[in-house]
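Peer 1: Before anything else, here's the structure in question.
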Amino acid sequence: MQYSEGKIGRVFTLRLDDDERVPDCIEQFAKDHDIKAAHCTMIGGIDAGNIVVGPKDGDAPVIDPILYPISGAHEVVAVGTLFSDDEGTPILHMHAALGRDGKTHTGCIRPGLDVWLVGEVIIMEIIGTDMLRKVDKKSGLKLLSKA
């Protein structure tokens, strides 16, 4: 286990508009406002894109994600973390539950989703932490790590 202690800094409330792309718009906001670490939540609507719903083979040396296409307006609730990588680029890691017509799909939104009508996001900045995203040699992914 790796850990770091921090404190809550600024708190931002965002209204994402129709057709804005998540995670892109949240990461751009973080870059524009010099947010290095944060906790994020989102509610609203999602219309189109893909989510990751697991690896094709959990034992494979290289992760090959299962992408699940999302189409049509879905309700969304999501939670995630936003940390800069070792180059200073903010990266959002967010998982979401997307519901439509009594069915729910859950997964990572990293591949990108379009907002339908509105997305409400709260970003709570974490200051004083020394965690960042570094490339993990085993998975090849940028995972949360001690600086």
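Chain labels follow the order of the structure tokens: the first chain is A, the next B, and so on; residue numbering restarts at 1 in every chain, and ligands are counted from 1 in their shown order.
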Write out as an NGL selection string the residues lying within 12 Å of Met1 in chain A, counting only C-alpha atoms and excluding same-chain residues fewer than 2 positions away.

Peer 2: :A and (3-4 or 144-146)

Peer 1: Could you save those same residues with N, CA and C atoms as a PDB file, in the first residue's frame?

Peer 2:
ATOM      1  N   TYR A   3       0.463   5.515   0.424  1.00  0.00           N
ATOM      2  CA  TYR A   3      -0.516   6.522   0.824  1.00  0.00           C
ATOM      3  C   TYR A   3       0.154   7.868   1.033  1.00  0.00           C
ATOM      4  N   SER A   4      -0.688   8.876   1.058  1.00  0.00           N
ATOM      5  CA  SER A   4      -0.240  10.241   1.311  1.00  0.00           C
ATOM      6  C   SER A   4      -1.386  10.996   1.953  1.00  0.00           C
ATOM      7  N   LEU A 144      -1.835   5.386  -9.836  1.00  0.00           N
ATOM      8  CA  LEU A 144      -1.565   6.280  -8.720  1.00  0.00           C
ATOM      9  C   LEU A 144      -0.401   5.741  -7.911  1.00  0.00           C
ATOM     10  N   SER A 145       0.606   6.574  -7.680  1.00  0.00           N
ATOM     11  CA  SER A 145       1.832   6.158  -7.013  1.00  0.00           C
ATOM     12  C   SER A 145       2.413   7.301  -6.191  1.00  0.00           C
ATOM     13  N   LYS A 146       3.286   6.945  -5.252  1.00  0.00           N
ATOM     14  CA  LYS A 146       4.027   7.972  -4.504  1.00  0.00           C
ATOM     15  C   LYS A 146       4.989   8.661  -5.472  1.00  0.00           C
TER      16      LYS A 146
END

Peer 1: Need the shell around range 133-141 of chain A: protein/DNA/RNA residues with any atom at most 10 Å away, counting only C-alpha atoms. Skip same-chain ones fewer than 2 positions apart. Format as an mmCIF file with N, CA and C atoms, in the first residue's frame?

Peer 2:
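Everything below was put into part13.cif:
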data_model
loop_
_atom_site.group_PDB
_atom_site.id
_atom_site.type_symbol
_atom_site.label_atom_id
_atom_site.label_comp_id
_atom_site.auth_asym_id
_atom_site.auth_seq_id
_atom_site.Cartn_x
_atom_site.Cartn_y
_atom_site.Cartn_z
ATOM 1 N N ALA A 60 -3.598 -12.069 -18.534
ATOM 2 C CA ALA A 60 -2.696 -11.742 -19.648
ATOM 3 C C ALA A 60 -1.665 -10.709 -19.199
ATOM 4 N N PRO A 61 -0.438 -10.775 -19.729
ATOM 5 C CA PRO A 61 0.602 -9.818 -19.338
ATOM 6 C C PRO A 61 0.306 -8.393 -19.805
ATOM 7 N N VAL A 62 -0.443 -8.255 -20.897
ATOM 8 C CA VAL A 62 -0.836 -6.946 -21.406
ATOM 9 C C VAL A 62 -2.359 -6.840 -21.302
ATOM 10 N N ILE A 63 -2.829 -5.734 -20.725
ATOM 11 C CA ILE A 63 -4.274 -5.551 -20.551
ATOM 12 C C ILE A 63 -4.911 -5.177 -21.879
ATOM 13 N N LEU A 82 -8.602 12.492 -9.724
ATOM 14 C CA LEU A 82 -7.877 13.229 -10.737
ATOM 15 C C LEU A 82 -6.499 13.545 -10.171
ATOM 16 N N PHE A 83 -5.460 12.995 -10.807
ATOM 17 C CA PHE A 83 -4.083 13.245 -10.384
ATOM 18 C C PHE A 83 -3.240 13.502 -11.616
ATOM 19 N N SER A 84 -2.277 14.385 -11.487
ATOM 20 C CA SER A 84 -1.351 14.647 -12.587
ATOM 21 C C SER A 84 -0.383 13.488 -12.730
ATOM 22 N N ASP A 85 0.103 13.317 -13.970
ATOM 23 C CA ASP A 85 1.156 12.334 -14.185
ATOM 24 C C ASP A 85 2.504 12.997 -13.933
ATOM 25 N N ASP A 86 3.597 12.270 -14.163
ATOM 26 C CA ASP A 86 4.921 12.831 -13.872
ATOM 27 C C ASP A 86 5.341 13.922 -14.850
ATOM 28 N N GLU A 87 4.515 14.189 -15.865
ATOM 29 C CA GLU A 87 4.757 15.306 -16.781
ATOM 30 C C GLU A 87 3.856 16.497 -16.459
ATOM 31 N N GLY A 88 3.004 16.360 -15.411
ATOM 32 C CA GLY A 88 2.125 17.445 -14.998
ATOM 33 C C GLY A 88 0.767 17.466 -15.680
ATOM 34 N N THR A 89 0.449 16.430 -16.463
ATOM 35 C CA THR A 89 -0.840 16.367 -17.168
ATOM 36 C C THR A 89 -1.889 15.737 -16.261
ATOM 37 N N PRO A 90 -3.014 16.445 -16.002
ATOM 38 C CA PRO A 90 -4.066 15.873 -15.154
ATOM 39 C C PRO A 90 -4.765 14.712 -15.870
ATOM 40 N N ILE A 91 -4.937 13.602 -15.141
ATOM 41 C CA ILE A 91 -5.605 12.424 -15.704
ATOM 42 C C ILE A 91 -6.732 12.005 -14.762
ATOM 43 N N MET A 131 1.082 12.222 -4.242
ATOM 44 C CA MET A 131 0.717 11.132 -5.147
ATOM 45 C C MET A 131 0.604 11.679 -6.570
ATOM 46 N N LEU A 143 -0.689 4.473 -13.138
ATOM 47 C CA LEU A 143 -1.370 4.196 -11.873
ATOM 48 C C LEU A 143 -0.941 5.180 -10.799
ATOM 49 N N LEU A 144 -1.835 5.386 -9.836
ATOM 50 C CA LEU A 144 -1.565 6.280 -8.720
ATOM 51 C C LEU A 144 -0.401 5.741 -7.911
ATOM 52 N N SER A 145 0.606 6.574 -7.680
ATOM 53 C CA SER A 145 1.832 6.158 -7.013
ATOM 54 C C SER A 145 2.413 7.301 -6.191
ATOM 55 N N LYS A 146 3.286 6.945 -5.252
ATOM 56 C CA LYS A 146 4.027 7.972 -4.504
ATOM 57 C C LYS A 146 4.989 8.661 -5.472
ATOM 58 N N ALA A 147 5.156 9.958 -5.283
ATOM 59 C CA ALA A 147 6.059 10.739 -6.159
ATOM 60 C C ALA A 147 7.496 10.273 -6.018
#

Peer 1: Once DSSP has gone over the backbone, tell me which residues of range 1-116 of chain A are in helix (DSSP H, G or I), as a PyMOL selection string.

Peer 2: chain A and resi 24-32

Peer 1: With only C-alpha atoms as the atoms that count, which of A:Gly6, A:Gly102, A:Gly49, A:Gly58 lies nearest to Glu75 in chain A?

Peer 2: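 For Glu75 in chain A, the nearest of the given residues is A:Gly102.
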
Peer 1: So how far away is CA of Ala78 in chain A from CA of Val121 in chain A, in Å?

Peer 2: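 Rounded to one decimal, the two atoms are 9.2 Å apart.
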
Peer 1: Mind checking DSSP for range 17-128 of chain A and telling me the strand (DSSP E or B) residues as JSON, numbers by chain?

Peer 2: {"A": [17, 21, 22, 37, 38, 39, 40, 41, 42, 43, 44, 45, 46, 47, 48, 49, 50, 51, 52, 53, 54, 55, 65, 66, 67, 68, 69, 70, 71, 72, 73, 74, 75, 76, 77, 78, 79, 80, 81, 82, 83, 84, 85, 90, 91, 92, 93, 94, 95, 96, 97, 98, 99, 100, 103, 104, 105, 106, 107, 108, 113, 114, 115, 116, 117, 118, 119, 120, 121, 122, 123, 124, 125, 126, 127]}

Peer 1: Contacts of Met42 in chain A at 10 Å or less, counting only C-alpha atoms, minus same-chain residues fewer than 6 places along, as JSON, numbers by chain?

Peer 2: {"A": [14, 15, 16, 76, 77, 78, 79, 80, 94, 95, 96, 119, 120, 121, 122, 123]}

Peer 1: So, counting only C-alpha atoms, which residue among A:Ala73, A:Leu92, A:Cys40, A:Ile51 is closest to Leu132 in chain A?

Peer 2: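 The shortest atom-to-atom distance to Leu132 in chain A comes from A:Leu92.
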
Peer 1: Between A:Leu113, A:Val11, A:Cys25, A:Val53, which is the closest to Ala37 in chain A once you count only C-alpha atoms?

Peer 2: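 Using only C-alpha atoms, the shortest distance to Ala37 in chain A belongs to A:Val11.
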